[in-house]
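J.: I'd like to ask you about the structure that follows.
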Amino acid sequence: MAALIQTLGDLRQQAGTRPRPVKQEIRDNLVRKLHTGDRLFPGIIGYDETVIPQLVNAILSRHNFILLGLRGQAKSRILRGLVDLLDEQIPVVPGCEIHDDPLAPLCAACRARIGTEGDHMPIAWLPREARFVEKLATPDVTIADMVGDIDPIKAAQAGLNLADELTMHYGLLPRANRGIFAINELPDLAGKIQVGLFNILQEGDVQIKGYPIRLKLDVLLVFTANPEDYTARGKIITPLKDRIGSEILTHYPMTVELGAAITLQEAWTSRDGRPVRLPDFIAELVERIAFEAREDKRVDKRSGVSQRLPIAVLENVISNAERRTIVTKQ
């Protein structure tokens, strides 16, 4: 389509190019993948029966959602995998900072340009990879970073009133318009910054510096966080939590075999043509120790009793390895 449509006039004449919200776009592409049997979130192991069905339900419901889980549970990788559910490319107004839709522009500059150039205005095409914006939440993040601010220098140079839309410097959230905005470790955001997200979650717009400037952004908001009983660095304020459509719990591998498969996928064993060879029984021993240690930690937290890794586990793994070695020699 990009090779055929180069101007706004061509875009308007093209059938089926009506503006489509990003949540509906992601939903439609998910439904298509479900019909064709394509694998969802390739590279994610152990979530086929637990986490991924919850993700599917959240996307089908067109919800903003949050992934709750401990570190190392593929939360960030899942969010980045959402890019595969976007269209390969979409038409945008060339040079627009918020990727305005040529058929339904938001910012004043784009509306003025379309009014001047009309159907002869050229069209740019934005790839799906450029529509994913990710931000690691830290206590020093400001409203200006997330939403934007008024640029007095720009206003003075152009002779504009500070309340004019053309004086705005857009933050990360407006720049994610028509895409996905991911915030990692949401509880680390200061409370006043979390309050600044209320409007976009509830009313679908943002306000800059208290001026009557509204932007009806089209964006899917996704978050990650550790459970409240795990982190003491901060918390998700209740009004924001109530506005998040779906909460999805992640988890560590349910079995040793799944843990070994994840380790094998992530391990760096091929190094400049000199692969690292690890005996199977050593890999199994390491996975079993890690698996049992996690189980003990979970039991300890509930009972308050300190427990050690059972020696029988190690003996069992070593015994199995010895039997395999004898069978191999025979």
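All residue names refer to the structure tokens as shown: chains lettered A, B, ... in order, residues numbered from 1 in each chain, ligands numbered from 1 in order.
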Write down as a VMD selection string the residues belonging to range 85-136 of chain A that are assigned helix (DSSP H, G or I) by DSSP computed on the backbone.
T.: chain A and resid 85 108 to 120 128 to 131
J.: Give me, as a ChimeraX atom specification, all polymer residues having an atom no more than 10 Å from range 178-182 of chain A, counting only C-alpha atoms and skipping those fewer than 6 positions away in the same chain.
T.: /A:20-23,25-26,64-66,76,79-80,82-83,86,90,92,98-101,128-137,172,217-224
J.: What is the CA of Pro139 in chain A to CA of Asp188 in chain A distance in Å?
T.: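 Between these atoms lies a distance of 5.8 Å.
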J.: Taking only C-alpha atoms into account, which of A:Ile193, A:Leu160, A:Ala283, A:Leu8 comes nearest Val141 in chain A?
T.: A:Ile193
J.: As JSON, numbers by chain, please: every residue in range 30-210 of chain A that a backbone DSSP assignment puts in strand (DSSP E).
T.: {"A": [65, 66, 67, 68, 89, 90, 91, 92, 124, 125, 126, 127, 132, 133, 134, 135, 136, 148, 149, 150, 168, 169, 170, 179, 180, 181, 182, 183, 184, 206, 207]}
J.: Could you write those residues out with C-alpha atoms, as a short mmCIF file (atom, residue, chain, number, x, y, z; two decimals), in the first residue's frame?
T.:
data_model
loop_
_atom_site.label_atom_id
_atom_site.label_comp_id
_atom_site.auth_asym_id
_atom_site.auth_seq_id
_atom_site.Cartn_x
_atom_site.Cartn_y
_atom_site.Cartn_z
CA PHE A 65 -3.12 -3.72 31.51
CA ILE A 66 -0.33 -4.33 34.01
CA LEU A 67 1.96 -7.34 34.45
CA LEU A 68 2.61 -8.15 38.12
CA GLN A 89 3.21 0.37 8.81
CA ILE A 90 0.71 3.20 9.10
CA PRO A 91 0.33 6.54 7.29
CA VAL A 92 1.40 9.66 9.21
CA ALA A 124 4.93 9.26 5.28
CA TRP A 125 4.77 5.66 6.49
CA LEU A 126 5.72 4.69 10.05
CA PRO A 127 6.97 1.11 10.73
CA PHE A 132 6.64 1.26 20.75
CA VAL A 133 7.85 3.68 23.45
CA GLU A 134 9.29 2.26 26.68
CA LYS A 135 10.16 4.14 29.87
CA LEU A 136 11.79 2.79 33.02
CA GLY A 148 5.19 17.56 28.07
CA ASP A 149 5.72 21.19 28.89
CA ILE A 150 5.25 24.69 27.54
CA MET A 168 4.13 22.76 23.41
CA HIS A 169 7.15 20.51 23.81
CA TYR A 170 5.77 16.98 23.76
CA GLY A 179 1.23 3.18 19.39
CA ILE A 180 2.12 1.42 22.64
CA PHE A 181 3.50 3.17 25.71
CA ALA A 182 5.13 0.85 28.25
CA ILE A 183 6.16 1.89 31.77
CA ASN A 184 8.42 -0.54 33.61
CA VAL A 206 -3.72 14.85 28.42
CA GLN A 207 -3.38 18.45 29.61
#
J.: Please compute the CA of Pro227 in chain A-CA of Leu70 in chain A distance, one decimal, in Å.
T.: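 Computing the Euclidean distance for CA of Pro227 in chain A and CA of Leu70 in chain A yields 7.1 Å.
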J.: Have a look at A:Ile123, A:Ile45, A:Pro239, A:Glu97 and name the one nearest to Ala176 in chain A; count only C-alpha atoms.
T.: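 Closest candidate: A:Glu97.
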J.: What does the structure give for the distance between CA of Leu258 in chain A and CA of Gln54 in chain A, in Å to one decimal?
T.: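 Between these atoms lies a distance of 19.6 Å.
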